[in-house]
>>> print(open('query.csv').read())   # CSV, C-alpha atoms
chain,number,residue,atom,x,y,z
A,1,MET,CA,-59.5,-159.2,-25.2
A,2,LEU,CA,-62.9,-158.1,-24.0
A,3,LYS,CA,-62.6,-155.2,-26.5
A,4,THR,CA,-61.8,-157.7,-29.2
A,5,ARG,CA,-65.1,-159.5,-28.4
A,6,LYS,CA,-67.0,-156.3,-29.0
A,7,LEU,CA,-65.3,-155.6,-32.3
A,8,ILE,CA,-66.1,-159.2,-33.3
A,9,ALA,CA,-69.8,-158.6,-32.4
A,10,VAL,CA,-69.8,-155.6,-34.7
A,11,SER,CA,-67.9,-157.2,-37.5
A,12,LEU,CA,-70.1,-160.3,-37.6
A,13,ALA,CA,-73.3,-158.4,-38.3
A,14,VAL,CA,-75.3,-160.5,-40.8
A,15,ILE,CA,-78.8,-160.0,-42.2
A,16,PHE,CA,-80.9,-163.2,-42.3
A,17,VAL,CA,-83.4,-163.8,-45.0
A,18,ILE,CA,-85.6,-165.6,-42.6
A,19,GLY,CA,-88.1,-163.3,-40.9
A,20,MET,CA,-88.8,-163.3,-37.2
A,21,LEU,CA,-90.6,-166.4,-36.3
A,22,GLY,CA,-91.2,-168.8,-33.5
A,23,SER,CA,-90.7,-172.5,-34.3
A,24,CYS,CA,-92.3,-174.8,-31.9
A,25,GLY,CA,-90.3,-177.7,-30.4
A,26,GLY,CA,-93.3,-180.0,-30.5
A,27,ASN,CA,-95.9,-178.3,-28.4
A,28,GLY,CA,-98.2,-176.5,-30.9
A,29,GLY,CA,-97.9,-174.4,-34.0
A,30,THR,CA,-96.2,-171.1,-34.7
A,31,GLY,CA,-97.8,-168.2,-32.9
A,32,ASP,CA,-99.3,-170.3,-30.0
A,33,THR,CA,-99.1,-168.6,-26.7
A,34,GLY,CA,-98.2,-169.9,-23.2
A,35,LYS,CA,-94.8,-171.4,-24.0
A,36,GLU,CA,-93.0,-171.4,-20.7
A,37,LEU,CA,-89.4,-172.0,-22.0
A,38,ALA,CA,-87.9,-170.1,-24.9
A,39,LEU,CA,-84.6,-170.0,-26.7
A,40,ILE,CA,-83.4,-167.2,-28.9
A,41,THR,CA,-81.0,-168.4,-31.6
A,42,ASP,CA,-77.7,-166.8,-32.2
A,43,LEU,CA,-76.0,-166.9,-35.6
A,44,GLY,CA,-77.5,-170.1,-36.9
A,45,THR,CA,-80.4,-172.5,-36.3
A,46,ILE,CA,-81.4,-175.0,-33.7
A,47,ASP,CA,-80.0,-177.8,-35.9
A,48,ASP,CA,-76.6,-176.1,-36.5
A,49,LYS,CA,-74.8,-179.0,-34.7
A,50,SER,CA,-73.1,-176.3,-32.6
A,51,PHE,CA,-74.0,-173.8,-29.9
A,52,ASN,CA,-77.7,-173.3,-30.7
A,53,GLN,CA,-78.4,-177.0,-31.1
A,54,GLY,CA,-76.7,-177.9,-27.8
A,55,ALA,CA,-78.6,-175.2,-25.9
A,56,TRP,CA,-81.9,-176.2,-27.6
A,57,GLU,CA,-81.4,-179.8,-26.6
A,58,GLY,CA,-81.1,-178.8,-23.0
A,59,VAL,CA,-84.4,-176.8,-23.2
A,60,LYS,CA,-86.1,-179.7,-25.0
A,61,MET,CA,-84.9,-182.3,-22.7
A,62,TYR,CA,-86.1,-180.5,-19.6
A,63,ALA,CA,-89.4,-179.6,-21.2
A,64,THR,CA,-90.2,-183.1,-22.4
A,65,GLU,CA,-89.2,-184.7,-19.1
A,66,ASN,CA,-91.3,-182.3,-17.1
A,67,SER,CA,-94.3,-181.5,-19.3
A,68,LYS,CA,-93.3,-177.9,-20.0
A,69,THR,CA,-94.1,-176.0,-23.1
A,70,TYR,CA,-91.2,-174.6,-25.1
A,71,GLU,CA,-90.4,-172.5,-28.2
A,72,TYR,CA,-87.5,-171.0,-30.1
A,73,TYR,CA,-87.3,-167.7,-31.9
A,74,GLN,CA,-84.9,-166.8,-34.7
A,75,PRO,CA,-84.0,-163.1,-35.0
A,76,THR,CA,-84.2,-161.3,-38.3
A,77,GLU,CA,-80.5,-160.3,-38.1
A,78,GLN,CA,-77.6,-160.2,-35.7
A,79,SER,CA,-78.1,-156.9,-33.8
A,80,THR,CA,-79.1,-155.8,-30.3
A,81,THR,CA,-82.4,-154.5,-31.7
A,82,ALA,CA,-83.3,-157.8,-33.4
A,83,TYR,CA,-82.3,-159.8,-30.4
A,84,LEU,CA,-84.5,-157.6,-28.1
A,85,ASP,CA,-87.4,-157.9,-30.6
A,86,ALA,CA,-87.1,-161.7,-30.4
A,87,ILE,CA,-86.9,-161.6,-26.6
A,88,GLU,CA,-90.1,-159.5,-26.6
A,89,LEU,CA,-91.9,-162.1,-28.7
A,90,ALA,CA,-90.8,-164.8,-26.4
A,91,VAL,CA,-92.1,-162.9,-23.3
A,92,LYS,CA,-95.4,-162.1,-25.0
A,93,GLY,CA,-95.6,-165.8,-25.9
A,94,GLY,CA,-95.6,-166.6,-22.2
A,95,ALA,CA,-91.9,-167.3,-21.6
A,96,ALA,CA,-90.9,-167.5,-17.9
A,97,VAL,CA,-87.3,-168.5,-18.8
A,98,VAL,CA,-85.4,-167.3,-21.9
A,99,VAL,CA,-82.2,-169.0,-22.9
A,100,THR,CA,-79.7,-166.9,-25.0
A,101,PRO,CA,-76.7,-168.8,-26.5
A,102,GLY,CA,-73.6,-166.9,-27.2
A,103,PHE,CA,-71.6,-163.8,-26.1
A,104,LEU,CA,-73.4,-161.6,-28.7
A,105,PHE,CA,-76.3,-161.6,-26.3
A,106,GLU,CA,-74.4,-159.8,-23.6
A,107,GLU,CA,-75.8,-156.4,-24.4
A,108,PRO,CA,-79.3,-157.5,-25.2
A,109,VAL,CA,-79.6,-159.5,-22.0
A,110,TYR,CA,-78.2,-156.5,-20.0
A,111,LEU,CA,-81.1,-154.5,-21.3
A,112,ALA,CA,-83.8,-157.1,-21.2
A,113,GLN,CA,-83.2,-158.2,-17.6
A,114,ASP,CA,-84.4,-154.7,-16.5
A,115,GLN,CA,-87.2,-154.5,-19.1
A,116,TYR,CA,-88.6,-157.9,-18.0
A,117,PRO,CA,-87.8,-158.3,-14.2
A,118,ASP,CA,-90.3,-161.2,-13.9
A,119,VAL,CA,-88.6,-163.2,-16.6
A,120,LYS,CA,-85.5,-165.4,-15.9
A,121,PHE,CA,-82.6,-165.2,-18.4
A,122,ILE,CA,-79.9,-167.8,-19.0
A,123,LEU,CA,-77.0,-166.2,-20.9
A,124,LEU,CA,-74.5,-168.8,-22.2
A,125,ASP,CA,-70.9,-167.9,-22.9
A,126,GLY,CA,-71.1,-164.4,-21.6
A,127,SER,CA,-71.8,-161.9,-18.8
A,128,PRO,CA,-74.4,-159.1,-19.3
A,129,ASN,CA,-72.9,-155.7,-20.0
A,130,ASP,CA,-74.0,-152.4,-21.6
A,131,GLY,CA,-71.7,-152.7,-24.6
A,132,ASP,CA,-70.1,-149.2,-24.0
A,133,TRP,CA,-66.4,-149.5,-24.7
A,134,SER,CA,-65.7,-145.8,-24.8
A,135,SER,CA,-63.8,-146.0,-21.6
A,136,GLY,CA,-62.1,-149.2,-22.5
A,137,MET,CA,-64.4,-151.5,-20.5
A,138,PRO,CA,-68.2,-151.8,-20.5
A,139,ASN,CA,-70.4,-151.8,-17.3
A,140,TYR,CA,-71.2,-155.3,-16.2
A,141,LYS,CA,-74.3,-156.2,-14.3
A,142,THR,CA,-75.9,-159.6,-13.8
A,143,GLY,CA,-79.4,-159.0,-12.5
A,144,GLY,CA,-81.2,-161.0,-9.9
A,145,ASN,CA,-83.3,-162.6,-12.7
A,146,THR,CA,-80.2,-163.5,-14.8
A,147,VAL,CA,-77.4,-166.1,-14.7
A,148,GLY,CA,-74.3,-165.8,-16.8
A,149,VAL,CA,-72.8,-169.1,-17.8
A,150,THR,CA,-69.3,-169.6,-19.1
A,151,TYR,CA,-67.2,-172.8,-19.6
A,152,ALA,CA,-63.7,-173.9,-18.8
A,153,GLU,CA,-62.7,-174.3,-22.5
A,154,HIS,CA,-59.1,-174.8,-21.5
A,155,GLU,CA,-60.1,-178.0,-19.6
A,156,ALA,CA,-62.0,-179.3,-22.7
A,157,GLY,CA,-59.0,-178.5,-24.9
A,158,PHE,CA,-56.7,-180.1,-22.4
A,159,LEU,CA,-58.7,-183.4,-22.6
A,160,ALA,CA,-58.6,-183.3,-26.4
A,161,GLY,CA,-54.8,-182.7,-26.5
A,162,TYR,CA,-54.1,-185.3,-23.8
A,163,ALA,CA,-56.3,-188.0,-25.5
A,164,ALA,CA,-54.7,-187.4,-28.9
A,165,VAL,CA,-51.2,-187.9,-27.7
A,166,LYS,CA,-52.2,-190.9,-25.5
A,167,ASP,CA,-53.8,-192.4,-28.6
A,168,GLY,CA,-50.6,-192.2,-30.5
A,169,PHE,CA,-50.7,-189.0,-32.4
A,170,ARG,CA,-47.4,-187.0,-32.4
A,171,SER,CA,-47.9,-184.3,-35.2
A,172,LEU,CA,-50.9,-182.1,-34.2
A,173,GLY,CA,-52.5,-179.0,-35.4
A,174,PHE,CA,-54.7,-176.3,-33.8
A,175,MET,CA,-56.7,-174.2,-36.2
A,176,GLY,CA,-58.8,-171.6,-34.4
A,177,GLY,CA,-61.2,-169.0,-35.7
A,178,MET,CA,-61.1,-165.5,-34.3
A,179,ALA,CA,-58.7,-165.2,-31.3
A,180,VAL,CA,-61.5,-164.5,-28.8
A,181,PRO,CA,-61.0,-165.7,-25.2
A,182,ALA,CA,-63.0,-169.0,-25.7
A,183,VAL,CA,-61.0,-170.0,-28.8
A,184,LYS,CA,-57.7,-169.1,-27.2
A,185,LYS,CA,-58.5,-171.1,-24.1
A,186,PHE,CA,-59.4,-174.2,-26.2
A,187,GLY,CA,-56.1,-173.9,-27.9
A,188,TYR,CA,-54.0,-173.2,-24.8
A,189,GLY,CA,-55.6,-176.2,-23.1
A,190,PHE,CA,-54.9,-178.4,-26.1
A,191,VAL,CA,-51.2,-177.5,-26.1
A,192,GLN,CA,-50.9,-178.3,-22.4
A,193,GLY,CA,-52.9,-181.5,-22.6
A,194,ALA,CA,-50.6,-182.8,-25.3
A,195,GLU,CA,-47.5,-181.9,-23.2
A,196,TYR,CA,-49.0,-183.5,-20.1
A,197,ALA,CA,-49.6,-186.8,-21.9
A,198,GLY,CA,-46.1,-186.6,-23.4
A,199,GLN,CA,-44.6,-186.3,-19.9
A,200,GLU,CA,-46.6,-189.2,-18.7
A,201,LEU,CA,-45.4,-191.3,-21.6
A,202,GLY,CA,-41.8,-190.2,-21.1
A,203,LEU,CA,-41.4,-188.8,-24.6
A,204,ASP,CA,-38.3,-187.0,-25.6
A,205,LYS,CA,-38.4,-183.2,-26.1
A,206,ASN,CA,-39.8,-182.1,-29.4
A,207,THR,CA,-41.3,-185.6,-30.1
A,208,ILE,CA,-44.7,-183.8,-30.3
A,209,THR,CA,-45.2,-180.8,-32.7
A,210,ILE,CA,-48.2,-178.6,-32.9
A,211,LYS,CA,-48.9,-176.2,-35.8
A,212,TYR,CA,-51.0,-173.4,-34.3
A,213,PHE,CA,-53.0,-170.7,-36.2
A,214,TYR,CA,-56.1,-168.4,-36.0
A,215,THR,CA,-57.9,-167.8,-39.2
A,216,GLY,CA,-59.5,-164.6,-38.0
A,217,GLY,CA,-63.0,-165.6,-38.7
A,218,PHE,CA,-65.7,-168.3,-38.2
A,219,ALA,CA,-66.5,-169.1,-41.8
A,220,ALA,CA,-65.6,-172.0,-44.0
A,221,THR,CA,-63.2,-170.7,-46.6
A,222,PRO,CA,-61.0,-172.0,-49.4
A,223,GLU,CA,-58.0,-170.5,-47.6
A,224,ALA,CA,-58.7,-172.4,-44.4
A,225,GLN,CA,-59.1,-175.7,-46.3
A,226,ALA,CA,-55.9,-175.0,-48.3
A,227,MET,CA,-54.0,-174.4,-45.1
A,228,ALA,CA,-55.4,-177.5,-43.4
A,229,SER,CA,-54.5,-179.5,-46.6
A,230,SER,CA,-51.0,-178.1,-46.5
A,231,TRP,CA,-50.6,-179.1,-42.8
A,232,TYR,CA,-51.8,-182.6,-43.5
A,233,ASN,CA,-49.4,-182.9,-46.5
A,234,ASP,CA,-46.6,-181.8,-44.2
A,235,GLY,CA,-47.3,-184.7,-41.9
A,236,VAL,CA,-49.9,-183.4,-39.4
A,237,GLU,CA,-52.0,-186.3,-38.4
A,238,VAL,CA,-54.9,-184.6,-36.6
A,239,ILE,CA,-56.2,-181.0,-36.4
A,240,PHE,CA,-58.2,-179.5,-33.6
A,241,ALA,CA,-60.7,-177.3,-35.6
A,242,CYS,CA,-61.9,-174.7,-33.2
A,243,GLY,CA,-63.8,-172.0,-35.1
A,244,GLY,CA,-67.3,-172.7,-36.0
A,245,ALA,CA,-67.6,-173.4,-39.8
A,246,VAL,CA,-63.8,-173.3,-40.0
A,247,GLY,CA,-64.2,-176.9,-38.9
A,248,ASN,CA,-66.0,-177.7,-42.1
A,249,SER,CA,-63.0,-176.6,-44.1
A,250,VAL,CA,-60.7,-178.7,-41.9
A,251,MET,CA,-63.0,-181.7,-42.3
A,252,ALA,CA,-63.0,-181.3,-46.1
A,253,ALA,CA,-59.2,-181.3,-46.1
A,254,ALA,CA,-59.0,-184.3,-43.8
A,255,GLU,CA,-61.4,-186.3,-46.0
A,256,ALA,CA,-59.3,-185.5,-49.1
A,257,THR,CA,-56.0,-186.5,-47.4
A,258,GLY,CA,-57.2,-189.4,-45.2
A,259,ASN,CA,-56.4,-187.7,-41.9
A,260,LYS,CA,-58.2,-186.8,-38.7
A,261,VAL,CA,-60.1,-184.0,-37.0
A,262,ILE,CA,-61.0,-183.0,-33.4
A,263,GLY,CA,-64.3,-181.2,-33.3
A,264,VAL,CA,-65.4,-178.5,-30.8
A,265,ASP,CA,-68.3,-177.3,-28.6
A,266,VAL,CA,-70.6,-180.3,-29.3
A,267,ASP,CA,-70.2,-183.8,-30.4
A,268,GLN,CA,-69.4,-183.4,-34.1
A,269,SER,CA,-68.9,-187.0,-35.0
A,270,SER,CA,-71.9,-187.0,-37.3
A,271,GLU,CA,-70.3,-184.2,-39.3
A,272,SER,CA,-67.6,-186.2,-40.8
A,273,PRO,CA,-66.0,-189.7,-40.5
A,274,THR,CA,-62.7,-187.9,-39.9
A,275,VAL,CA,-63.8,-186.6,-36.5
A,276,ILE,CA,-62.2,-188.8,-33.8
A,277,THR,CA,-63.6,-186.8,-30.8
A,278,SER,CA,-64.8,-183.3,-29.8
A,279,ALA,CA,-63.8,-180.9,-27.1
A,280,MET,CA,-67.3,-180.2,-25.8
A,281,LYS,CA,-69.0,-177.7,-23.6
A,282,GLU,CA,-71.9,-179.5,-22.0
A,283,LEU,CA,-74.4,-177.0,-23.2
A,284,LYS,CA,-77.3,-179.3,-22.8
A,285,VAL,CA,-76.3,-180.1,-19.2
A,286,SER,CA,-75.8,-176.5,-18.2
A,287,VAL,CA,-79.1,-175.3,-19.7
A,288,TYR,CA,-81.0,-178.3,-18.2
A,289,ASP,CA,-79.5,-177.6,-14.8
A,290,CYS,CA,-80.3,-173.9,-14.8
A,291,ILE,CA,-83.9,-174.5,-15.8
A,292,SER,CA,-84.2,-177.2,-13.2
A,293,ASP,CA,-82.9,-174.8,-10.6
A,294,TYR,CA,-85.6,-172.3,-11.6
A,295,TYR,CA,-88.4,-174.8,-11.1
A,296,ASN,CA,-86.9,-175.9,-7.8
A,297,ASN,CA,-86.9,-172.3,-6.6
A,298,ASN,CA,-83.1,-172.3,-6.6
A,299,PHE,CA,-82.4,-170.1,-9.7
A,300,PRO,CA,-78.8,-168.7,-9.4
A,301,GLY,CA,-79.8,-165.2,-10.3
A,302,GLY,CA,-77.3,-162.5,-10.0
A,303,LYS,CA,-74.4,-164.9,-10.5
A,304,ASP,CA,-71.9,-165.7,-13.2
A,305,ILE,CA,-71.1,-169.4,-13.0
A,306,VAL,CA,-68.5,-171.5,-14.7
A,307,PHE,CA,-69.1,-175.0,-15.9
A,308,THR,CA,-66.0,-177.1,-15.5
A,309,ALA,CA,-64.9,-180.7,-15.1
A,310,ALA,CA,-65.9,-180.4,-11.5
A,311,ASN,CA,-69.6,-180.0,-12.3
A,312,ASN,CA,-69.5,-182.1,-15.6
A,313,GLY,CA,-69.6,-178.9,-17.7
A,314,VAL,CA,-66.9,-179.9,-20.2
A,315,GLY,CA,-65.7,-183.2,-21.7
A,316,LEU,CA,-65.1,-185.6,-24.6
A,317,PRO,CA,-67.9,-187.8,-26.0
A,318,MET,CA,-66.3,-191.1,-25.3
A,319,GLY,CA,-69.3,-193.0,-26.6
A,320,SER,CA,-68.8,-191.7,-30.2
A,321,SER,CA,-65.0,-191.1,-30.1
A,322,LYS,CA,-62.9,-193.1,-32.5
A,323,PHE,CA,-59.7,-193.7,-30.5
A,324,SER,CA,-57.6,-196.7,-31.3
A,325,SER,CA,-56.0,-197.1,-27.8
A,326,PHE,CA,-57.2,-194.4,-25.5
A,327,THR,CA,-59.8,-196.0,-23.4
A,328,LYS,CA,-62.8,-194.9,-21.2
A,329,THR,CA,-60.7,-195.9,-18.2
A,330,ASP,CA,-57.9,-193.6,-19.4
A,331,TYR,CA,-60.4,-190.9,-19.8
A,332,ASP,CA,-62.0,-191.3,-16.4
A,333,GLU,CA,-58.7,-191.2,-14.7
A,334,ILE,CA,-57.6,-187.9,-16.3
A,335,TYR,CA,-61.1,-186.4,-15.9
A,336,THR,CA,-61.1,-187.3,-12.2
A,337,LYS,CA,-57.8,-185.4,-11.8
A,338,LEU,CA,-59.2,-182.4,-13.6
A,339,ALA,CA,-62.4,-182.4,-11.5
A,340,ALA,CA,-60.3,-182.5,-8.3
A,341,ASN,CA,-58.1,-179.5,-9.5
A,342,GLU,CA,-55.0,-181.7,-9.4
A,343,ILE,CA,-53.8,-180.3,-12.8
A,344,ASP,CA,-52.8,-176.6,-13.3
A,345,ILE,CA,-53.9,-175.5,-16.7
A,346,TRP,CA,-53.2,-171.9,-17.9
A,347,PRO,CA,-56.3,-170.3,-19.5
A,348,ASP,CA,-56.1,-167.0,-21.5
A,349,VAL,CA,-55.5,-164.9,-18.4
A,350,ARG,CA,-53.2,-165.8,-15.5
A,351,ASN,CA,-52.6,-163.6,-12.4
A,352,GLY,CA,-54.4,-160.8,-14.1
A,353,ALA,CA,-52.2,-160.8,-17.2
A,354,ASP,CA,-52.9,-161.9,-20.7
A,355,VAL,CA,-51.3,-165.1,-21.7
A,356,ASN,CA,-49.9,-166.0,-25.2
A,357,VAL,CA,-49.4,-169.4,-26.5
A,358,SER,CA,-45.6,-168.8,-26.3
A,359,ASP,CA,-45.9,-168.2,-22.6
A,360,LEU,CA,-47.3,-171.7,-21.9
A,361,PRO,CA,-45.1,-174.4,-20.3
A,362,LYS,CA,-43.6,-176.4,-23.1
A,363,SER,CA,-40.4,-177.6,-21.5
A,364,VAL,CA,-40.6,-181.2,-22.4
A,365,THR,CA,-42.4,-182.2,-25.5
A,366,VAL,CA,-44.3,-179.5,-27.4
A,367,VAL,CA,-43.1,-177.1,-30.1
A,368,THR,CA,-45.7,-174.6,-31.4
A,369,GLU,CA,-45.4,-173.4,-34.9
A,370,PHE,CA,-47.2,-170.3,-36.4
A,371,ASN,CA,-47.9,-170.3,-40.1
>>> encode(input="query.csv", output="structure tokens")
Amino acid sequence: MLKTRKLIAVSLAVIFVIGMLGSCGGNGGTGDTGKELALITDLGTIDDKSFNQGAWEGVKMYATENSKTYEYYQPTEQSTTAYLDAIELAVKGGAAVVVTPGFLFEEPVYLAQDQYPDVKFILLDGSPNDGDWSSGMPNYKTGGNTVGVTYAEHEAGFLAGYAAVKDGFRSLGFMGGMAVPAVKKFGYGFVQGAEYAGQELGLDKNTITIKYFYTGGFAATPEAQAMASSWYNDGVEVIFACGGAVGNSVMAAAEATGNKVIGVDVDQSSESPTVITSAMKELKVSVYDCISDYYNNNFPGGKDIVFTAANNGVGLPMGSSKFSSFTKTDYDEIYTKLAANEIDIWPDVRNGADVNVSDLPKSVTVVTEFN
């Protein structure tokens, strides 16, 4: 699966029409020097309502609360060279901490951490490696000035599936993008959360059905919208859209058919009135905490850390969720169990072996269907 991630990084290469530039987050104009905190955008912008925006909000929140200067840089294209060029601009602009959101930064950060030993790097959703897959596995190294941050997506997916069933939904769908580890973990957790809720409710076997599919990409396409529409017309009530802009296709289908959507990564309730909740990675929280650790002389350099329910790293946005019967009390109860590791959820790898959705426990309520 790690090899798949590298192939994805190659296949997603996109040239941006926007030139390399630094856009200030409120502390001076483009080209100003002395910005202590920097973010390099991945595919997208800081207002993409997804990974970049979530990370940028963490940078901005810490900076504004603590009177730090901050800046973001948008690369000219998706490539290791372009990402390194953006990092160089950030360092020349005075950055002491550079935040890089997304696993496509694994190789650039692997190189940059040695080039700039006095700069701290926060890599979200990945672990630094040299990108050399010739032997089947790259060389991984998280330098003393770098922290690799990943998330327990299976826990976030679990919460979404659990809440959907507890709220009364019985015909569900999961539409993922590329079958990379993060997407698979979201989906596997979703299946297990739905089943867990079904068991709590005492539902008969096969009461809950889940249509499950990977589109193979992260783009909004007519094909994805058509499939989502077909699912809704077949009786699916809510689809967990887990694939970047694939979610836009699902939302369009939901709006046309009067159905519901579960968003991903960040709170996507503002994207469409059809979004009832979102399986979130608390990007803002994790970025804020890592920056805070730096200024408190406790930066976790050399470590790869995982944000889970136990450290409030994943969750549902209950303040904006549109559930009809699933309450904040219900949520707090299941979240407490997750945080205490009282629920065993299978991620994408178990006991060193790859897991398929067909391997997941589904003995009571859930049937998965592949289209």
>>> atom_distance(input="query.csv", atom1="atom CA of A:Thr100", atom2="atom CA of A:Thr277")
26.2 Å
>>> closest_atom_pairs(input="query.csv", of="stretch 97-206 of chain A", to="stretch 264-276 of chain A", cutoff="10 Å", atoms="all atoms listed in the file", output="CSV")
residue,atom,partner,partner_atom,distance
A:Glu153,CA,A:Asp265,CA,8.8
A:Ala156,CA,A:Val264,CA,8.8
A:Gly157,CA,A:Val264,CA,8.7
A:Ala160,CA,A:Val264,CA,9.4
A:Ala164,CA,A:Ile276,CA,9.1
A:Val183,CA,A:Val264,CA,9.8
A:Phe186,CA,A:Val264,CA,8.7
>>> write_last_selection(input="query.csv", atoms="C-alpha atoms", output="PDB file, keeping the file's coordinate frame")
ATOM      1  CA  GLU A 153     -62.700-174.300 -22.500  1.00  0.00           C
ATOM      2  CA  ALA A 156     -62.000-179.300 -22.700  1.00  0.00           C
ATOM      3  CA  GLY A 157     -59.000-178.500 -24.900  1.00  0.00           C
ATOM      4  CA  ALA A 160     -58.600-183.300 -26.400  1.00  0.00           C
ATOM      5  CA  ALA A 164     -54.700-187.400 -28.900  1.00  0.00           C
ATOM      6  CA  VAL A 183     -61.000-170.000 -28.800  1.00  0.00           C
ATOM      7  CA  PHE A 186     -59.400-174.200 -26.200  1.00  0.00           C
TER       8      PHE A 186
END
>>> residues_around(input="query.csv", residues="stretch 142-149 of chain A", least_positions_apart="2", cutoff="7 Å", atoms="all atoms listed in the file", output="list in words")
Gln113, Pro117, Val119, Lys120, Phe121, Ile122, Leu123, Leu124, Asp125, Gly126, Ser127, Pro128, Tyr140, Tyr151, Pro300, Gly301, Gly302, Lys303, Asp304, Ile305 and Val306 of chain A
>>> atom_distance(input="query.csv", atom1="atom CA of A:Ala179", atom2="atom CA of A:Val357")
11.3 Å
>>> atom_distance(input="query.csv", atom1="atom CA of A:Thr365", atom2="atom CA of A:Gln199")
7.3 Å
>>> residues_around(input="query.csv", residues="A:Asp48", least_positions_apart="2", cutoff="12 Å", atoms="all atoms listed in the file", output="list in words")
Thr41, Asp42, Leu43, Gly44, Thr45, Ile46, Ser50, Phe51, Asn52, Gln53, Gly54, Ala55, Trp56, Glu57, Gly244, Ala245, Asp265, Val266, Asp267, Gln268, Ser270 and Glu271 of chain A
>>> closest_residue(input="query.csv", among="A:Leu39, A:Asp332, A:Tyr212, A:Thr80", to="A:Ser358", atoms="all atoms listed in the file")
A:Tyr212
>>> residues_around(input="query.csv", residues="A:Phe190", least_positions_apart="5", cutoff="12 Å", atoms="only C-alpha atoms", output="PyMOL selection string")
chain A and resi 153-165+172-176+183-185+195-197+209-212+239-242+262+264+278-279+345-347+357+360+362+366+368
>>> residues_around(input="query.csv", residues="A:Gly258", least_positions_apart="6", cutoff="12 Å", atoms="all atoms listed in the file", output="number ranges by chain")
A: 229, 232-233, 235-238, 250-252, 272-275
>>> residues_near_point(input="query.csv", point="(-88.2, -169.2, -25.2)", cutoff="7 Å", atoms="all atoms listed in the file", output="CSV table (one decimal) with C-alpha atoms, in the frame of the given file")
chain,number,residue,atom,x,y,z
A,36,GLU,CA,-93.0,-171.4,-20.7
A,37,LEU,CA,-89.4,-172.0,-22.0
A,38,ALA,CA,-87.9,-170.1,-24.9
A,39,LEU,CA,-84.6,-170.0,-26.7
A,40,ILE,CA,-83.4,-167.2,-28.9
A,70,TYR,CA,-91.2,-174.6,-25.1
A,71,GLU,CA,-90.4,-172.5,-28.2
A,72,TYR,CA,-87.5,-171.0,-30.1
A,73,TYR,CA,-87.3,-167.7,-31.9
A,90,ALA,CA,-90.8,-164.8,-26.4
A,95,ALA,CA,-91.9,-167.3,-21.6
A,97,VAL,CA,-87.3,-168.5,-18.8
A,98,VAL,CA,-85.4,-167.3,-21.9
A,99,VAL,CA,-82.2,-169.0,-22.9
>>> closest_residue(input="query.csv", among="A:Val191, A:Ala256, A:Val285, A:Val246", to="A:Ala220", atoms="all atoms listed in the file")
A:Val246
>>> residues_around(input="query.csv", residues="A:Met318", least_positions_apart="6", cutoff="9 Å", atoms="only C-alpha atoms", output="PyMOL selection string")
chain A and resi 277+327-328+331
>>> residues_near_point(input="query.csv", point="(-67.4, -171.4, -46.9)", cutoff="10 Å", atoms="all atoms listed in the file", output="ChimeraX atom specification")
/A:218-225,245-246,248-249
>>> closest_residue(input="query.csv", among="A:Ala254, A:Ala152, A:Ile87, A:Val314", to="A:Met280", atoms="all atoms listed in the file")
A:Val314
>>> closest_residue(input="query.csv", among="A:Asp204, A:Asp293, A:Asp167, A:Glu107", to="A:Lys141", atoms="all atoms listed in the file")
A:Glu107
